[in-house]
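Listing of entry.txt, compact mmCIF, C-alpha atoms
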# COMPACT_ATOMS: atom_id res chain seq x y z
CA MET K 1 -37.55 -3.13 10.37
CA LYS K 2 -35.63 -4.61 7.49
CA ILE K 3 -32.25 -3.13 6.62
CA ARG K 4 -29.18 -4.36 4.80
CA VAL K 5 -26.07 -4.92 6.90
CA ASN K 6 -22.87 -5.73 5.03
CA GLY K 7 -24.88 -6.81 2.03
CA GLU K 8 -27.31 -9.06 3.90
CA THR K 9 -30.93 -8.27 4.68
CA ARG K 10 -31.59 -8.30 8.42
CA GLU K 11 -34.64 -7.76 10.60
CA VAL K 12 -33.51 -5.51 13.44
CA ALA K 13 -35.05 -3.65 16.36
CA ALA K 14 -32.37 -0.98 16.67
CA GLN K 15 -33.40 2.56 15.81
CA THR K 16 -29.93 4.06 15.67
CA LEU K 17 -26.57 2.98 14.27
CA GLU K 18 -25.09 2.74 17.74
CA ALA K 19 -27.94 0.51 18.91
CA LEU K 20 -27.52 -1.64 15.81
CA LEU K 21 -23.87 -2.32 16.66
CA ALA K 22 -24.89 -3.37 20.16
CA GLU K 23 -27.77 -5.52 18.88
CA LEU K 24 -25.46 -7.35 16.48
CA ASP K 25 -22.76 -7.84 19.16
CA TYR K 26 -20.01 -5.75 17.63
CA GLY K 27 -18.42 -4.94 20.97
CA GLU K 28 -15.93 -2.17 21.64
CA GLY K 29 -13.25 -3.25 19.15
CA PRO K 30 -12.00 -1.14 16.26
CA GLN K 31 -14.71 -0.72 13.63
CA ALA K 32 -15.97 1.88 11.20
CA THR K 33 -19.41 2.45 9.79
CA ALA K 34 -21.11 3.83 6.72
CA LEU K 35 -24.79 4.43 6.12
CA ASN K 36 -26.13 4.49 2.59
CA HIS K 37 -22.59 4.87 1.23
CA GLU K 38 -21.68 7.80 3.48
CA PHE K 39 -19.14 7.56 6.29
CA VAL K 40 -20.61 7.92 9.78
CA ARG K 41 -18.17 8.93 12.51
CA LYS K 42 -18.14 6.98 15.73
CA GLU K 43 -19.38 10.03 17.65
CA ALA K 44 -22.34 10.41 15.29
CA ARG K 45 -23.63 6.83 15.54
CA ALA K 46 -25.88 7.46 18.54
CA GLU K 47 -27.76 10.23 16.75
CA THR K 48 -27.83 8.47 13.37
CA ARG K 49 -31.31 7.04 13.01
CA LEU K 50 -32.06 4.03 10.85
CA LYS K 51 -35.00 3.61 8.52
CA GLU K 52 -36.42 0.79 6.42
CA ASN K 53 -34.13 -0.41 3.60
CA ASP K 54 -31.08 1.46 4.84
CA CYS K 55 -27.72 0.01 3.80
CA VAL K 56 -25.19 -0.23 6.61
CA GLU K 57 -21.53 -1.15 6.26
CA ILE K 58 -19.54 -2.25 9.30
CA VAL K 59 -15.85 -2.93 8.72
CA THR K 60 -12.92 -3.90 10.91
CA PRO K 61 -9.13 -4.17 10.40
CA ARG K 62 -8.00 -6.85 8.03
CA GLN K 63 -4.81 -7.97 6.35
CA GLY K 64 -3.97 -5.90 3.30
CA GLY K 65 -1.33 -5.42 0.64
CA MET F 1 22.30 8.74 7.32
CA ASP F 2 20.43 7.66 4.21
CA ARG F 3 16.87 7.84 5.42
CA LEU F 4 13.53 7.66 3.68
CA THR F 5 11.21 10.61 4.27
CA LEU F 6 7.50 10.32 3.57
CA TYR F 7 5.18 13.17 4.53
CA GLU F 8 7.71 14.55 7.05
CA GLN F 9 8.18 11.15 8.69
CA SER F 10 11.64 9.62 8.56
CA PHE F 11 12.45 5.90 8.26
CA SER F 12 15.60 3.82 8.12
CA SER F 13 13.97 0.93 6.24
CA ARG F 14 13.04 1.23 2.58
CA LEU F 15 10.92 -1.91 2.58
CA LEU F 16 7.18 -1.60 3.10
CA LEU F 17 5.43 -4.87 3.81
CA GLY F 18 1.90 -6.01 3.11
CA THR F 19 0.18 -8.08 5.78
CA ALA F 20 -2.04 -10.29 3.60
CA ARG F 21 -1.81 -13.92 2.47
CA TYR F 22 0.57 -15.27 5.14
CA PRO F 23 0.08 -18.86 6.25
CA SER F 24 -0.51 -17.77 9.86
CA PRO F 25 -0.58 -14.67 12.07
CA ALA F 26 2.60 -15.89 13.79
CA THR F 27 4.39 -16.09 10.43
CA LEU F 28 3.23 -12.58 9.59
CA ALA F 29 4.63 -11.26 12.87
CA LYS F 30 7.97 -12.95 12.27
CA ALA F 31 8.10 -11.76 8.66
CA ILE F 32 7.56 -8.14 9.72
CA GLU F 33 10.43 -8.48 12.16
CA ALA F 34 12.72 -10.20 9.64
CA SER F 35 11.96 -7.61 6.96
CA ARG F 36 12.83 -4.74 9.33
CA ALA F 37 9.84 -2.95 7.78
CA GLU F 38 8.75 0.16 9.65
CA ILE F 39 5.59 0.55 7.58
CA VAL F 40 3.02 -2.17 6.94
CA THR F 41 -0.13 -2.01 4.84
CA VAL F 42 -3.51 -2.96 6.25
CA SER F 43 -7.08 -2.97 5.06
CA LEU F 44 -10.70 -2.83 6.20
CA ARG F 45 -13.25 -5.50 5.47
CA ARG F 46 -16.76 -6.41 6.48
CA GLU F 47 -17.00 -8.46 9.65
CA ALA F 48 -20.06 -10.09 11.20
CA GLY F 49 -21.08 -9.15 14.72
CA GLY F 50 -19.66 -11.35 17.45
CA MET F 51 -16.49 -12.07 15.52
CA ARG F 52 -13.27 -10.58 16.82
CA GLY F 53 -10.92 -11.30 13.90
CA GLY F 54 -10.32 -7.66 13.12
CA GLU F 55 -9.51 -6.81 16.69
CA THR F 56 -7.05 -9.71 16.99
CA PHE F 57 -5.31 -8.74 13.77
CA TRP F 58 -5.06 -5.11 14.82
CA GLU F 59 -3.46 -6.13 18.12
CA LEU F 60 -0.86 -8.15 16.23
CA VAL F 61 0.01 -5.22 13.98
CA ARG F 62 0.23 -2.80 16.88
CA ALA F 63 2.53 -5.20 18.73
CA SER F 64 4.91 -5.14 15.74
CA GLY F 65 5.55 -1.44 16.36
CA ALA F 66 5.27 -0.69 12.63
CA ARG F 67 3.44 2.33 11.34
CA VAL F 68 0.33 1.38 9.37
CA LEU F 69 -0.57 2.44 5.87
CA PRO F 70 -4.24 1.54 5.32
CA ASN F 71 -5.31 0.83 1.77
CA THR F 72 -8.51 1.21 -0.22
CA ALA F 73 -7.97 -2.09 -2.03
CA GLY F 74 -10.89 -3.29 -4.10
CA CYS F 75 -12.56 0.09 -4.45
CA ARG F 76 -13.84 0.63 -7.96
CA THR F 77 -14.88 4.27 -7.80
CA ALA F 78 -13.51 7.46 -6.31
CA LYS F 79 -16.56 7.61 -4.05
CA GLU F 80 -15.93 4.14 -2.62
CA ALA F 81 -12.27 4.96 -2.05
CA ILE F 82 -13.07 8.25 -0.33
CA VAL F 83 -15.55 6.65 2.08
CA THR F 84 -13.13 3.79 2.76
CA ALA F 85 -10.33 6.27 3.46
CA HIS F 86 -12.46 8.04 6.04
CA MET F 87 -13.32 4.76 7.71
CA ALA F 88 -9.63 3.81 7.73
CA ARG F 89 -8.62 7.13 9.27
CA GLU F 90 -11.01 6.58 12.16
CA VAL F 91 -10.08 2.95 12.80
CA PHE F 92 -6.32 3.19 12.33
CA GLN F 93 -5.91 6.72 13.67
CA THR F 94 -3.75 7.89 10.78
CA ASP F 95 -4.06 10.37 7.93
CA TRP F 96 -2.02 8.08 5.71
CA ILE F 97 -3.92 6.27 2.99
CA LYS F 98 -2.70 4.03 0.19
CA LEU F 99 -5.19 5.02 -2.44
CA GLU F 100 -6.28 2.29 -4.82
CA VAL F 101 -9.06 2.68 -7.36
CA VAL F 102 -9.30 -0.42 -9.52
CA GLY F 103 -9.96 0.19 -13.19
CA ASP F 104 -9.53 -3.29 -14.64
CA GLU F 105 -10.49 -6.53 -12.96
CA ASP F 106 -7.98 -8.76 -14.73
CA LEU F 107 -4.88 -6.64 -14.22
CA LEU F 108 -6.10 -4.71 -11.15
CA GLN F 109 -4.80 -1.74 -13.08
CA PRO F 110 -5.50 1.62 -11.45
CA ASP F 111 -8.28 3.76 -12.86
CA PRO F 112 -6.33 7.00 -13.34
CA PHE F 113 -9.45 9.17 -13.57
CA GLY F 114 -11.00 7.91 -10.34
CA LEU F 115 -7.58 7.92 -8.70
CA VAL F 116 -6.92 11.58 -9.42
CA GLU F 117 -10.44 12.55 -8.42
CA ALA F 118 -10.20 10.72 -5.09
CA ALA F 119 -6.69 12.00 -4.44
CA ARG F 120 -7.83 15.59 -4.85
CA VAL F 121 -10.72 15.20 -2.42
CA LEU F 122 -8.68 13.32 0.17
CA ALA F 123 -5.64 15.59 0.02
CA ALA F 124 -7.91 18.60 0.52
CA ASP F 125 -9.36 16.83 3.54
CA GLY F 126 -5.97 16.46 5.19
CA PHE F 127 -5.05 12.96 4.10
CA CYS F 128 -1.47 12.04 3.22
CA VAL F 129 -2.22 10.20 0.00
CA PHE F 130 -0.05 7.38 -1.35
CA PRO F 131 -1.63 6.72 -4.76
CA TYR F 132 -1.16 3.32 -6.39
CA THR F 133 -0.58 4.31 -9.98
CA THR F 134 1.07 3.25 -13.22
CA GLU F 135 4.27 4.69 -14.67
CA ASP F 136 2.25 7.18 -16.75
CA LEU F 137 3.89 10.62 -16.52
CA SER F 138 0.72 12.62 -17.12
CA VAL F 139 -1.19 10.79 -14.41
CA ALA F 140 1.75 11.28 -12.05
CA GLU F 141 1.72 15.01 -12.76
CA LYS F 142 -2.03 15.18 -12.09
CA LEU F 143 -1.63 13.29 -8.83
CA LEU F 144 1.01 15.74 -7.64
CA GLU F 145 -1.21 18.65 -8.65
CA ALA F 146 -4.01 17.01 -6.68
CA GLY F 147 -1.88 17.19 -3.54
CA CYS F 148 -0.03 13.87 -3.42
CA ARG F 149 3.56 14.16 -2.25
CA VAL F 150 4.44 10.49 -2.72
CA LEU F 151 3.70 8.23 -5.69
CA MET F 152 3.45 4.46 -5.77
CA PRO F 153 3.98 3.23 -9.32
CA TRP F 154 3.55 -0.43 -10.15
CA ALA F 155 6.30 -2.65 -11.49
CA ALA F 156 3.73 -5.16 -12.75
CA PRO F 157 0.16 -6.15 -11.83
CA ILE F 158 -0.53 -6.88 -8.17
CA GLY F 159 0.44 -10.39 -7.16
CA SER F 160 1.93 -11.23 -10.58
CA GLY F 161 5.56 -11.43 -9.46
CA ARG F 162 6.70 -10.42 -12.93
CA GLY F 163 9.21 -7.79 -11.88
CA ILE F 164 9.69 -4.65 -13.95
CA ASN F 165 7.27 -4.72 -16.87
CA ASN F 166 8.19 -1.34 -18.32
CA LEU F 167 11.77 -0.44 -17.59
CA PHE F 168 11.72 2.57 -19.87
CA GLY F 169 8.56 3.90 -18.21
CA LEU F 170 9.91 3.54 -14.69
CA ARG F 171 13.21 5.16 -15.66
CA ALA F 172 11.35 8.05 -17.23
CA LEU F 173 9.18 8.46 -14.15
CA ARG F 174 12.22 8.51 -11.86
CA ALA F 175 13.98 11.05 -14.05
CA ARG F 176 10.92 13.27 -14.46
CA PHE F 177 10.06 13.41 -10.74
CA ALA F 178 13.52 13.44 -9.22
CA GLU F 179 12.41 15.11 -5.97
CA THR F 180 9.26 13.09 -5.32
CA PRO F 181 9.47 9.97 -3.15
CA LEU F 182 8.59 7.07 -5.44
CA ILE F 183 7.73 3.70 -3.93
CA VAL F 184 7.50 0.79 -6.34
CA ASP F 185 4.39 -1.08 -5.36
CA ALA F 186 3.17 -4.35 -6.82
CA GLY F 187 4.52 -6.97 -9.15
CA LEU F 188 7.91 -7.62 -7.57
CA GLY F 189 8.44 -11.37 -7.36
CA ALA F 190 12.07 -11.83 -6.42
CA PRO F 191 14.67 -9.99 -4.36
CA SER F 192 16.54 -9.31 -7.60
CA HIS F 193 13.48 -7.40 -8.86
CA ALA F 194 13.53 -5.26 -5.73
CA ALA F 195 17.27 -4.65 -6.04
CA ALA F 196 16.72 -3.62 -9.66
CA VAL F 197 14.15 -0.93 -8.84
CA MET F 198 16.34 0.39 -6.04
CA GLU F 199 19.30 0.54 -8.42
CA LEU F 200 17.14 2.70 -10.68
CA GLY F 201 16.87 5.19 -7.85
CA PHE F 202 13.42 4.44 -6.52
CA ASP F 203 13.06 5.38 -2.88
CA ALA F 204 11.44 2.23 -1.54
CA ALA F 205 9.59 -0.94 -2.49
CA LEU F 206 6.40 -2.48 -1.19
CA LEU F 207 6.18 -6.27 -1.03
CA ASN F 208 3.41 -8.63 -0.12
CA THR F 209 2.70 -11.75 -2.16
CA ALA F 210 6.34 -12.54 -2.95
CA VAL F 211 7.05 -12.70 0.78
CA ALA F 212 3.77 -14.10 2.08
CA ARG F 213 3.52 -16.92 -0.46
CA ALA F 214 7.15 -18.00 -0.26
CA ALA F 215 7.79 -21.47 1.12
CA ASP F 216 9.51 -19.69 4.00
CA PRO F 217 8.07 -16.17 4.29
CA VAL F 218 10.37 -15.17 7.15
CA GLU F 219 13.51 -16.08 5.21
CA MET F 220 12.14 -14.37 2.11
CA ALA F 221 11.37 -11.21 4.09
CA GLN F 222 15.00 -11.04 5.09
CA ALA F 223 16.15 -11.78 1.54
CA PHE F 224 14.11 -8.82 0.26
CA ALA F 225 15.43 -6.58 3.02
CA LEU F 226 19.00 -7.38 2.04
CA ALA F 227 18.26 -6.89 -1.67
CA ILE F 228 16.64 -3.51 -1.07
CA ASP F 229 19.57 -2.37 1.07
CA SER F 230 21.96 -3.64 -1.59
CA GLY F 231 20.14 -1.95 -4.46
CA ARG F 232 19.98 1.32 -2.58
CA ARG F 233 23.66 1.24 -1.74
CA ALA F 234 24.51 0.48 -5.36
CA TYR F 235 22.40 3.42 -6.55
CA ARG F 236 24.13 5.77 -4.14
CA ALA F 237 27.55 4.40 -5.00
CA GLY F 238 26.97 5.08 -8.70
CA LEU F 239 26.59 2.19 -11.11
CA MET F 240 28.91 1.88 -14.06
CA THR F 241 27.58 2.54 -17.53
CA PRO F 242 27.22 -0.62 -19.62
CA ARG F 243 29.41 -0.86 -22.75
CA ASP F 244 29.00 -2.79 -25.95
CA PHE F 245 32.60 -4.02 -26.06
CA ALA F 246 35.09 -5.43 -23.60
CA GLU F 247 37.48 -3.19 -21.76
CA ALA F 248 40.37 -4.96 -20.06
CA SER F 249 40.33 -4.50 -16.33
CA THR F 250 43.88 -5.73 -15.86
CA PRO F 251 46.39 -3.13 -17.10
CA VAL F 252 47.50 -3.85 -20.66
CA LEU F 253 50.75 -1.93 -20.37
CA GLY F 254 53.62 -4.08 -19.12
CA ARG F 255 52.18 -7.39 -20.18
CA ALA F 256 54.87 -10.03 -20.70
CA PHE F 257 55.38 -10.87 -24.33
CA GLY F 258 53.69 -7.59 -25.10
CA GLU F 259 55.34 -7.15 -28.47
CA ARG F 260 54.09 -10.34 -30.07
CA SER F 261 52.26 -13.54 -29.45
CA LEU F 262 54.39 -16.65 -29.00
Rewrite the structure from the file as structure tokens, please.
Amino acid sequence: MKIRVNGETREVAAQTLEALLAELDYGEGPQATALNHEFVRKEARAETRLKENDCVEIVTPRQGG
Amino acid sequence: MDRLTLYEQSFSSRLLLGTARYPSPATLAKAIEASRAEIVTVSLRREAGGMRGGETFWELVRASGARVLPNTAGCRTAKEAIVTAHMAREVFQTDWIKLEVVGDEDLLQPDPFGLVEAARVLAADGFCVFPYTTEDLSVAEKLLEAGCRVLMPWAAPIGSGRGINNLFGLRALRARFAETPLIVDAGLGAPSHAAAVMELGFDAALLNTAVARAADPVEMAQAFALAIDSGRRAYRAGLMTPRDFAEASTPVLGRAFGERSL
């Protein structure tokens, strides 16, 4: 299905947020997720199902002022 | 000991350091050390899968031993800032959040309405909110009512290096909220600017661009640390009141030829 990940349209097989992270090779590092502009806790990713046209944000630590 | 207390946490350093815009990660690490900062600001940004930039950066920050203050930089609405704060709390394992809601693209001026709205929601949700605000007294009052126990007024727009833009406003803010920790955030370009805000009685200063973009960021980090210490000491020692006319410092009485000029 087609979803948007960090602003880019992607064709993915993953059915859940957790599976999406694995499919896109995010690894075990520090990262946070949001689905359709709502925060999704790490523990909730496995049960968070994706559907067509969902918007996913995946962020990691970065320098900041 | 003259220590800085923020949300029940005590610090010896009154310099908070941003981690952005350094020429290299190694320079950032050295600048944190030279600044003696115990709190550094960090952010969250999108990263593509397979990259490990965020992880590497996070390891560097953790190795510094500094406490992190995540920001919501770039958020334009209360909603964006609230979601970002929740993501930051999970990643950085802290309730602390430097709350930024941008209201103007040119000046990166805070949007006071979105700021207060987000502060209220986040404080109620257990966050220790550090709102990036202006010197406006009414907004400050609303932020405190919303649950903030620290305020971060600007000196000048972020990255401008202009120093204190509104001396009267900052003085008024300090006087009006004498018991609230006030950290001057943004716009300080030179160590003398930082010393000046500390002499006014502000509790701490947050630096980023002025250090990171210096020709020698490590040396500049130390220069700011010294200036902030100096300004704080001067404030505690009690600065003299300026006068319009001269007042001889050397005793007048007993001057030779005191009766007349030769």
Inset, instruction - Please provide as a list of chain:residue names all residues within 10 Å of Ser12 in chain F, with the sequence filter that same-chain residues fewer than 5 positions apart are discarded (counting only C-alpha atoms). - result: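 With the cut-off at 10 Å, the set is F:Met1, F:Asp2, F:Arg3, F:Leu4, F:Thr5, F:Arg36, F:Ala37, F:Glu38.
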Inset, instruction - Return the single residue from F:Val101, F:Val197, F:Ala156, F:Val150 that is closest to Phe177 in chain F, with distances computed using only C-alpha atoms. - result: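 For Phe177 in chain F, the nearest of the given residues is F:Val150.
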Inset, instruction - Identify, on the basis of all atoms listed in the file, every residue whose closest approach to Leu99 in chain F does not exceed 6 Å; exclude the query and any residue fewer than 2 positions from it along the same chain; express the result as a PyMOL selection string. - result: chain F and resi 71-72+97+130-132
Serialized selection, C-alpha atoms, as a CSV table (one decimal), keeping the file's coordinate frame:
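Now in out-v3.csv:
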chain,number,residue,atom,x,y,z
F,71,ASN,CA,-5.3,0.8,1.8
F,72,THR,CA,-8.5,1.2,-0.2
F,97,ILE,CA,-3.9,6.3,3.0
F,130,PHE,CA,0.0,7.4,-1.4
F,131,PRO,CA,-1.6,6.7,-4.8
F,132,TYR,CA,-1.2,3.3,-6.4
Inset, instruction - Please determine the residues with any atom at most 12 Å from (-21.6, 10.8, 15.3) (coordinates as given in the file, with all atoms listed in the file counting) and report them as JSON, numbers by chain. - result: {"K": [16, 17, 18, 32, 33, 34, 35, 39, 40, 41, 42, 43, 44, 45, 46, 47, 48, 49], "F": [90]}
Legend entry - Nearest residue to Arg62 in chain K from the set F:Leu137, F:Ala178, F:Ile32, F:Val68 (distances using all atoms listed in the file):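 Residue with the minimum atom-to-atom distance to Arg62 in chain K: F:Val68.
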Could you pull range 4-30 of chain K out of the block above and give me N, CA, C and O atoms, as a PDB file, in the first residue's frame?
ATOM      1  N   ARG K   4       2.618   7.794   3.346  1.00  0.00           N
ATOM      2  CA  ARG K   4       3.647   8.840   3.346  1.00  0.00           C
ATOM      3  C   ARG K   4       4.519   8.653   4.577  1.00  0.00           C
ATOM      4  O   ARG K   4       4.011   8.544   5.700  1.00  0.00           O
ATOM      5  N   VAL K   5       5.819   8.588   4.343  1.00  0.00           N
ATOM      6  CA  VAL K   5       6.779   8.460   5.448  1.00  0.00           C
ATOM      7  C   VAL K   5       7.703   9.670   5.412  1.00  0.00           C
ATOM      8  O   VAL K   5       8.384   9.911   4.415  1.00  0.00           O
ATOM      9  N   ASN K   6       7.701  10.420   6.466  1.00  0.00           N
ATOM     10  CA  ASN K   6       8.510  11.650   6.538  1.00  0.00           C
ATOM     11  C   ASN K   6       8.345  12.524   5.295  1.00  0.00           C
ATOM     12  O   ASN K   6       9.304  13.039   4.731  1.00  0.00           O
ATOM     13  N   GLY K   7       7.112  12.637   4.877  1.00  0.00           N
ATOM     14  CA  GLY K   7       6.791  13.541   3.776  1.00  0.00           C
ATOM     15  C   GLY K   7       6.941  12.954   2.394  1.00  0.00           C
ATOM     16  O   GLY K   7       6.631  13.621   1.399  1.00  0.00           O
ATOM     17  N   GLU K   8       7.417  11.706   2.290  1.00  0.00           N
ATOM     18  CA  GLU K   8       7.602  11.093   0.974  1.00  0.00           C
ATOM     19  C   GLU K   8       6.651   9.908   0.805  1.00  0.00           C
ATOM     20  O   GLU K   8       6.492   9.101   1.727  1.00  0.00           O
ATOM     21  N   THR K   9       6.078   9.799  -0.376  1.00  0.00           N
ATOM     22  CA  THR K   9       5.181   8.677  -0.650  1.00  0.00           C
ATOM     23  C   THR K   9       6.007   7.408  -0.866  1.00  0.00           C
ATOM     24  O   THR K   9       6.968   7.408  -1.643  1.00  0.00           O
ATOM     25  N   ARG K  10       5.607   6.350  -0.163  1.00  0.00           N
ATOM     26  CA  ARG K  10       6.337   5.074  -0.265  1.00  0.00           C
ATOM     27  C   ARG K  10       5.338   3.936  -0.484  1.00  0.00           C
ATOM     28  O   ARG K  10       4.221   3.964   0.035  1.00  0.00           O
ATOM     29  N   GLU K  11       5.789   2.952  -1.225  1.00  0.00           N
ATOM     30  CA  GLU K  11       5.008   1.715  -1.376  1.00  0.00           C
ATOM     31  C   GLU K  11       5.585   0.718  -0.378  1.00  0.00           C
ATOM     32  O   GLU K  11       6.777   0.379  -0.464  1.00  0.00           O
ATOM     33  N   VAL K  12       4.790   0.293   0.573  1.00  0.00           N
ATOM     34  CA  VAL K  12       5.332  -0.591   1.616  1.00  0.00           C
ATOM     35  C   VAL K  12       4.446  -1.830   1.796  1.00  0.00           C
ATOM     36  O   VAL K  12       3.254  -1.807   1.470  1.00  0.00           O
ATOM     37  N   ALA K  13       5.075  -2.868   2.342  1.00  0.00           N
ATOM     38  CA  ALA K  13       4.329  -4.105   2.617  1.00  0.00           C
ATOM     39  C   ALA K  13       3.870  -4.173   4.069  1.00  0.00           C
ATOM     40  O   ALA K  13       2.926  -4.893   4.402  1.00  0.00           O
ATOM     41  N   ALA K  14       4.534  -3.451   4.919  1.00  0.00           N
ATOM     42  CA  ALA K  14       4.265  -3.525   6.364  1.00  0.00           C
ATOM     43  C   ALA K  14       2.805  -3.188   6.678  1.00  0.00           C
ATOM     44  O   ALA K  14       2.226  -2.283   6.084  1.00  0.00           O
ATOM     45  N   GLN K  15       2.262  -3.928   7.636  1.00  0.00           N
ATOM     46  CA  GLN K  15       0.880  -3.698   8.049  1.00  0.00           C
ATOM     47  C   GLN K  15       0.795  -2.956   9.372  1.00  0.00           C
ATOM     48  O   GLN K  15      -0.270  -2.458   9.744  1.00  0.00           O
ATOM     49  N   THR K  16       1.908  -2.926  10.092  1.00  0.00           N
ATOM     50  CA  THR K  16       1.924  -2.213  11.371  1.00  0.00           C
ATOM     51  C   THR K  16       3.089  -1.234  11.393  1.00  0.00           C
ATOM     52  O   THR K  16       4.031  -1.342  10.589  1.00  0.00           O
ATOM     53  N   LEU K  17       3.050  -0.323  12.353  1.00  0.00           N
ATOM     54  CA  LEU K  17       4.121   0.679  12.474  1.00  0.00           C
ATOM     55  C   LEU K  17       5.445  -0.006  12.821  1.00  0.00           C
ATOM     56  O   LEU K  17       6.502   0.363  12.286  1.00  0.00           O
ATOM     57  N   GLU K  18       5.383  -0.983  13.674  1.00  0.00           N
ATOM     58  CA  GLU K  18       6.608  -1.700  14.055  1.00  0.00           C
ATOM     59  C   GLU K  18       7.220  -2.400  12.835  1.00  0.00           C
ATOM     60  O   GLU K  18       8.441  -2.337  12.613  1.00  0.00           O
ATOM     61  N   ALA K  19       6.380  -3.029  12.042  1.00  0.00           N
ATOM     62  CA  ALA K  19       6.867  -3.719  10.841  1.00  0.00           C
ATOM     63  C   ALA K  19       7.423  -2.724   9.829  1.00  0.00           C
ATOM     64  O   ALA K  19       8.388  -3.011   9.120  1.00  0.00           O
ATOM     65  N   LEU K  20       6.824  -1.543   9.782  1.00  0.00           N
ATOM     66  CA  LEU K  20       7.316  -0.509   8.863  1.00  0.00           C
ATOM     67  C   LEU K  20       8.750  -0.106   9.224  1.00  0.00           C
ATOM     68  O   LEU K  20       9.609   0.024   8.348  1.00  0.00           O
ATOM     69  N   LEU K  21       8.999   0.078  10.517  1.00  0.00           N
ATOM     70  CA  LEU K  21      10.349   0.466  10.958  1.00  0.00           C
ATOM     71  C   LEU K  21      11.362  -0.599  10.557  1.00  0.00           C
ATOM     72  O   LEU K  21      12.471  -0.288  10.114  1.00  0.00           O
ATOM     73  N   ALA K  22      10.972  -1.854  10.702  1.00  0.00           N
ATOM     74  CA  ALA K  22      11.878  -2.943  10.318  1.00  0.00           C
ATOM     75  C   ALA K  22      12.076  -2.962   8.800  1.00  0.00           C
ATOM     76  O   ALA K  22      13.197  -3.097   8.311  1.00  0.00           O
ATOM     77  N   GLU K  23      10.981  -2.803   8.064  1.00  0.00           N
ATOM     78  CA  GLU K  23      11.059  -2.825   6.594  1.00  0.00           C
ATOM     79  C   GLU K  23      11.972  -1.711   6.061  1.00  0.00           C
ATOM     80  O   GLU K  23      12.698  -1.896   5.097  1.00  0.00           O
ATOM     81  N   LEU K  24      11.931  -0.567   6.718  1.00  0.00           N
ATOM     82  CA  LEU K  24      12.726   0.575   6.251  1.00  0.00           C
ATOM     83  C   LEU K  24      14.095   0.646   6.923  1.00  0.00           C
ATOM     84  O   LEU K  24      14.803   1.642   6.781  1.00  0.00           O
ATOM     85  N   ASP K  25      14.466  -0.399   7.666  1.00  0.00           N
ATOM     86  CA  ASP K  25      15.800  -0.519   8.264  1.00  0.00           C
ATOM     87  C   ASP K  25      16.105   0.571   9.278  1.00  0.00           C
ATOM     88  O   ASP K  25      17.145   1.225   9.218  1.00  0.00           O
ATOM     89  N   TYR K  26      15.179   0.787  10.203  1.00  0.00           N
ATOM     90  CA  TYR K  26      15.427   1.794  11.232  1.00  0.00           C
ATOM     91  C   TYR K  26      16.238   1.267  12.412  1.00  0.00           C
ATOM     92  O   TYR K  26      16.734   2.035  13.211  1.00  0.00           O
ATOM     93  N   GLY K  27      16.358  -0.024  12.552  1.00  0.00           N
ATOM     94  CA  GLY K  27      17.210  -0.556  13.610  1.00  0.00           C
ATOM     95  C   GLY K  27      16.656  -0.304  15.005  1.00  0.00           C
ATOM     96  O   GLY K  27      15.488   0.050  15.184  1.00  0.00           O
ATOM     97  N   GLU K  28      17.530  -0.484  15.980  1.00  0.00           N
ATOM     98  CA  GLU K  28      17.112  -0.391  17.388  1.00  0.00           C
ATOM     99  C   GLU K  28      17.473   0.946  18.019  1.00  0.00           C
ATOM    100  O   GLU K  28      17.308   1.131  19.216  1.00  0.00           O
ATOM    101  N   GLY K  29      18.021   1.860  17.253  1.00  0.00           N
ATOM    102  CA  GLY K  29      18.461   3.150  17.807  1.00  0.00           C
ATOM    103  C   GLY K  29      17.308   3.980  18.330  1.00  0.00           C
ATOM    104  O   GLY K  29      16.143   3.618  18.173  1.00  0.00           O
ATOM    105  N   PRO K  30      17.644   5.120  18.944  1.00  0.00           N
ATOM    106  CA  PRO K  30      16.596   5.992  19.493  1.00  0.00           C
ATOM    107  C   PRO K  30      15.778   6.625  18.373  1.00  0.00           C
ATOM    108  O   PRO K  30      16.325   7.221  17.456  1.00  0.00           O
TER     109      PRO K  30
END
